[in-house]
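Student: Quick one: structure below, then a few questions.
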Amino acid sequence: MSNSYYSKNTLDDATWVAVLLSERDVAGQIPINFVTNPAVSLSSACFGAGLYNRKDATKCISNLLAVGYRRLVLDLYWSVERRRWTFCPVTIPAKADVMVSASEASETATMTASTNSSSTTSDAAAASITAYSDSHGDTVYELGPYRCTNDIDLSTLTDVLVGYFQDTTSQLITYTTYLVLNLHVAGSDSAPTKPAFAVTGDDLPSAQIERVGSFLDVKLRGYLYSPSQLAKDRSNLNESWYEVEEDYMPIVQYYTIHEDKDGIQSTPDGWPSSKYIQLAKSDRVMMEYGSVDPQLATYDLSQDQDAVFPPGYLTSAIQVSGATNGSMTSGCLYKAGATEVSRANSSWAMSNDIPVAYGASDDSTMQSLDDTIAGITGCGISPMLNSTLFGQTADVNVDHYRNVSLAAGWAWAIGEPQGAESGGGTQGVPEFGRCAIMDLSLGGRWRATNCTEQRRGACRVGNSPFSWALSNSTVDFYHVSDMCPPGSSFAVPRTGLENTYLYKYLLTQPRSIIDPESLDLSQREIYLDFNSLDVTSCWVAGGPGASCPYTSNPQQLERKTVLVAAIAGIVICIITALTLFVKCNANRRNSRRRKRVIEGWEYEGVPS
């Protein structure tokens with residue numbers, strides 16, 4: 001089923017706030033390598049038009065973070081002449097700076113201030129370097145098919161990330177960002193479309209600040225969960241993942257555990273949970289090297305091993321294929337009959353087998369795109385967007401990218417959970433549904449329903465992620481746990497793949513009990529251990545008595561107020577704080593101004 005949502009105000013919508021928060025929280029104890037997150041290539045989403053401008057790139061990256069992309073794939077180019085990593089695929093020669101200065105000083109060769117104006121060159125035109133002044137007032141160099149400003153370097157990314165991390169510290173909106181670093185050599189301005197030359201010896205990045213890993217380690221220090229930290233945590237679980245609150249500990253069924261004679265537990269393959277990283281450790285970013293061009297064959301990645309994971313450590317490429325309705329015909333990690341994670345290993349699974357959306361956007365194209373994204377996610381695989389949607393980058397039109405990101409949600413049906421914006425109800429009876437059910441007629445997606453409805457419930461067999469049973473009879477939500485068969489307990493799927501296993505299991509049941517096409521709702525709807533009885537839109541597992549973790553005092557009557565109102569207030573504070581952060585930083589560096597825009601940040605006059 002599609003999970004698209006076409007509102008231009010998606011992130012201001014209470015329903016989607018509840019969707020993002022609840023899906024993050026229900027997977028909070030799953031090791032991060034088994035949690036799906038939408039990924040995007042910046043080369044396509046931000047630079048697909050061949051324009052590499054710092055201000056536009058900043059707005060684009062900010063928009064992508066704002067609409068839910070958790071994994072950013074970067075193509076970085078080493079410029080030997082300028083001794084820095086840049087997003088521009090071609091080196092802007094140092095002589096170009098001199099030429100622009102001469103052009104600006106010349107009365108006969110002035111730079112224009114419009115991207116639609118004709119390009120001009122300086123008196124040194126023999127060098128065949130063309131430049132113009134864009135709508136931001138920045139100098140853009142034309143280098144074959146590329147148009148680049150000379151400040152579009154790695155600090156463009158780190159400036160955005162630092163601002164983003166600083167202003168999303170609330171537990172309600174904290175997420176981990178993953179960076180995949182593909183390394184290239186910048187081409188020559190004299191032959192911008194030809195392969196770059198190999199870089200060796202002194203031309204390689206050498207100083208600490210020149211190395212990608214070292215640069216990012218310095219700039220993002222305090223937010224980084226590193227390979228060295230993982231190794232330390234794995235070596236003694238008693239003093240790491242098991243030392244925090246129980247709700248932050250990773251689910252042990254997802255990794256191997258060894259115990260020595262002294263009772264010290266360790267793991268060779270485990271990963272922490274998102275709650276451990278985000279909430280217990282307050283770490284916000286993890287980095288991995290992706291592909292490395294042959295021209296950089298002698299670049300020693302091991303020097304950055306304390307900060308950046310080696311290639312393939314956070315990514316496992318999966319090839320998938322499927323029908324236009326989202327059903328997968330190959331590559332899906334669902335394995336009928338599997339009960340253990342090792343038989344359906346989705347660790348760091350990711351696929352970029354997504355239809356390319358060219359031409360004008362329309363509902364049918366977006367429907368097919370969203371269905372494919374939903375199908376991939378339901379198979380336990382993170383979808384990676386590797387195309388410029390409908391020919392527009394995310395700084396120009398973020399709506400298409402938002403739809404794809406939100407289609408990667410695996411739990412709720414479109415428009416659910418209903419009533420997220422309302423406190424609802426009188427005399428203690430909620431006006432809207434506050435208990436989650438899986439609707440078989442919606443392909444296993446979830447809906448919110450009244451907790452007094454009579455339904456069967458989903459019961460997990462033992463602690464197996466993939467083994468399910470049904471409660472013995474139909475009861476209201478408050479009594480489902482009493483009806484689960486021996487050896488099982490009332491539960492909720494915690495990932496897209498777990499959800500698929502439950503859905504597929506239900507389809508095997510006799511039609512007299514489960515029938516997706518039945519008019520009797522009790523035959524096509526199943527209670528899940530997920531409710532918002534305590535606080536509206538704060539969805540929690542643990543039965544009807546579970547408390548919302550975001551209320552400081554459970555006895556306060558105010559806890560029944562709408563959680564979304566608090567979230568909205570936080571968003572307003574973020575906008576205000578980020579505006580102050582940007583202005584102060586600009587005044588400190590070069591007194592240029594910056595401005596905040598909705599659902600992203602657009603900076604004006606950002607220094608290199």
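Chain lettering (A, B, ...) mirrors the order of the structure tokens, residue numbering begins at 1 for each chain separately, and ligand numbering begins at 1 in order of display.
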Using only C-alpha atoms, what table do you get, as a Markdown table, when you list each residue of range 244-318 of chain A with an atom no more than 10 Å from range 200-217 of chain A, its nearest pair of atoms, and their distance in Å rounded to one decimal, rows by chain then rising number?

Tutor:
```
| residue | atom | partner | partner_atom | distance |
| --- | --- | --- | --- | --- |
| A:Met287 | CA | A:Gly213 | CA | 8.5 |
| A:Glu288 | CA | A:Gly213 | CA | 9.3 |
| A:Tyr289 | CA | A:Gly213 | CA | 9.0 |
| A:Gln295 | CA | A:Thr200 | CA | 8.3 |
| A:Leu296 | CA | A:Thr200 | CA | 7.5 |
| A:Ala297 | CA | A:Thr200 | CA | 8.4 |
| A:Thr298 | CA | A:Thr200 | CA | 6.5 |
| A:Tyr299 | CA | A:Leu204 | CA | 6.8 |
| A:Asp300 | CA | A:Leu204 | CA | 9.6 |
| A:Leu301 | CA | A:Gly213 | CA | 8.5 |
| A:Ser302 | CA | A:Gly213 | CA | 9.8 |
| A:Gln303 | CA | A:Gly213 | CA | 8.3 |
| A:Asp304 | CA | A:Gly213 | CA | 5.2 |
| A:Gln305 | CA | A:Gly213 | CA | 8.1 |
| A:Asp306 | CA | A:Gly213 | CA | 8.6 |
| A:Ala307 | CA | A:Gly213 | CA | 6.1 |
| A:Val308 | CA | A:Gly213 | CA | 6.0 |
| A:Phe309 | CA | A:Gly213 | CA | 9.5 |
```

Student: Keeping only C-alpha atoms, take the residues you just selected and write them out as a tab-separated table (two decimals), in the first residue's frame.

Tutor:
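And here's selection-v4.tsv as it stands now:
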```
chain	number	residue	atom	x	y	z
A	287	MET	CA	30.21	8.16	9.07
A	288	GLU	CA	31.29	5.55	6.56
A	289	TYR	CA	33.55	5.59	3.52
A	295	GLN	CA	42.80	7.86	-8.81
A	296	LEU	CA	42.95	7.83	-5.00
A	297	ALA	CA	44.21	4.26	-4.70
A	298	THR	CA	47.14	5.31	-2.49
A	299	TYR	CA	44.98	7.40	-0.13
A	300	ASP	CA	45.23	5.60	3.22
A	301	LEU	CA	41.73	5.36	4.68
A	302	SER	CA	43.03	3.59	7.79
A	303	GLN	CA	44.36	6.88	9.15
A	304	ASP	CA	40.74	7.88	9.78
A	305	GLN	CA	39.64	4.60	11.33
A	306	ASP	CA	38.97	6.18	14.70
A	307	ALA	CA	36.29	8.44	13.18
A	308	VAL	CA	35.04	6.86	9.94
A	309	PHE	CA	33.86	3.30	9.42
```

Student: If we count only C-alpha atoms and set the cut-off at 8 Å, which residues sit around Thr474 in chain A, ignoring sequence neighbours fewer than 2 positions away in its own chain? Please answer as a list in words.

Tutor: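 Near neighbours after the sequence-gap exclusion: Gln454, Arg455, Arg456, Gly457, Ser471, Asn472, Asp476, Val480 and Ser522 of chain A.
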
Student: Residues near Ser188 in chain A, anyone? I mean within 6 Å using only C-alpha atoms, not counting same-chain ones fewer than 3 positions away, as a ChimeraX atom specification.

Tutor: /A:90-91,191-192

Student: Could you take the residues named above and write them with N, CA, C and O atoms, as a short mmCIF file (atom, residue, chain, number, x, y, z; two decimals), in the first residue's frame?

Tutor:
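Wrote it out as part.cif, contents follow:
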```cif
data_model
loop_
_atom_site.label_atom_id
_atom_site.label_comp_id
_atom_site.auth_asym_id
_atom_site.auth_seq_id
_atom_site.Cartn_x
_atom_site.Cartn_y
_atom_site.Cartn_z
N VAL A 90 34.95 19.68 -10.64
CA VAL A 90 36.08 20.25 -11.37
C VAL A 90 36.77 21.29 -10.49
O VAL A 90 36.11 22.05 -9.79
N THR A 91 38.10 21.30 -10.55
CA THR A 91 38.86 22.28 -9.79
C THR A 91 38.70 23.67 -10.38
O THR A 91 38.83 23.86 -11.61
N ALA A 191 39.86 20.40 -19.04
CA ALA A 191 39.17 19.23 -19.61
C ALA A 191 38.15 18.73 -18.59
O ALA A 191 38.28 17.63 -18.04
N PRO A 192 37.11 19.50 -18.34
CA PRO A 192 36.19 19.20 -17.24
C PRO A 192 35.38 17.92 -17.41
O PRO A 192 34.87 17.38 -16.43
#
```

Student: Extract, using only C-alpha atoms, all DNA, RNA and protein residues at most 12 Å from Pro486 in chain A, discarding same-chain residues fewer than 2 positions from it, and format them as a list of chain:residue names.

Tutor: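 Surrounding residues, per the criterion: A:Cys459, A:Arg460, A:Val461, A:Gly462, A:Ala469, A:Leu470, A:Ser471, A:Asn472, A:Ser481, A:Asp482, A:Met483, A:Cys484, A:Ser488, A:Ser489, A:Phe490.
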
Student: Mind checking which residues fall within 12 Å of Gly337 in chain A, counting only C-alpha atoms, ignoring those fewer than 4 positions away in the same chain, and posting them as a PDB file with C-alpha atoms, in the first residue's frame?

Tutor:
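Dumped to around25.pdb:
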```
ATOM      1  CA  VAL A 341      17.368 -12.857  12.500  1.00  0.00           C
ATOM      2  CA  ARG A 343      17.785 -16.314   8.381  1.00  0.00           C
ATOM      3  CA  ALA A 344      16.477 -12.932   7.274  1.00  0.00           C
ATOM      4  CA  PHE A 466       9.501 -12.919  13.526  1.00  0.00           C
ATOM      5  CA  SER A 467       7.273 -15.492  15.279  1.00  0.00           C
ATOM      6  CA  TRP A 468       3.648 -14.542  15.948  1.00  0.00           C
ATOM      7  CA  TYR A 501       6.180 -11.223   9.187  1.00  0.00           C
ATOM      8  CA  LEU A 502       3.078 -10.542  11.270  1.00  0.00           C
ATOM      9  CA  LYS A 504       2.124 -12.701   6.287  1.00  0.00           C
ATOM     10  CA  TYR A 505       1.376 -14.898   9.294  1.00  0.00           C
ATOM     11  CA  THR A 508      -2.154 -17.954   6.596  1.00  0.00           C
TER      12      THR A 508
END
```

Student: Using only C-alpha atoms, which residue out of A:Asn325, A:Val396, A:Trp16, A:Asn182 lies closest to Thr365 in chain A?

Tutor: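 Nearest to Thr365 in chain A: A:Asn325.
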
Student: When you look at Ser327 in chain A with a cut-off of 6 Å (counting only C-alpha atoms), what residues show up, excluding the ones that are within fewer than 4 positions of it in the same chain? I need them as a list in words.

Tutor: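 Close residues of Ser327 in chain A: Gly322, Ala323 and Gly375 of chain A.
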
Student: Can you write just those residues out, N, CA and C atoms, as an mmCIF file, in the first residue's frame?

Tutor:
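Saved to selection_25.cif:
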```
data_model
loop_
_atom_site.group_PDB
_atom_site.id
_atom_site.type_symbol
_atom_site.label_atom_id
_atom_site.label_comp_id
_atom_site.auth_asym_id
_atom_site.auth_seq_id
_atom_site.Cartn_x
_atom_site.Cartn_y
_atom_site.Cartn_z
ATOM 1 N N GLY A 322 10.328 -5.221 -8.448
ATOM 2 C CA GLY A 322 8.949 -5.395 -8.030
ATOM 3 C C GLY A 322 7.973 -4.819 -9.022
ATOM 4 N N ALA A 323 6.702 -5.012 -8.731
ATOM 5 C CA ALA A 323 5.636 -4.501 -9.570
ATOM 6 C C ALA A 323 5.354 -3.045 -9.215
ATOM 7 N N GLY A 375 7.175 -0.710 -0.482
ATOM 8 C CA GLY A 375 7.488 -2.127 -0.632
ATOM 9 C C GLY A 375 8.896 -2.465 -0.207
#
```
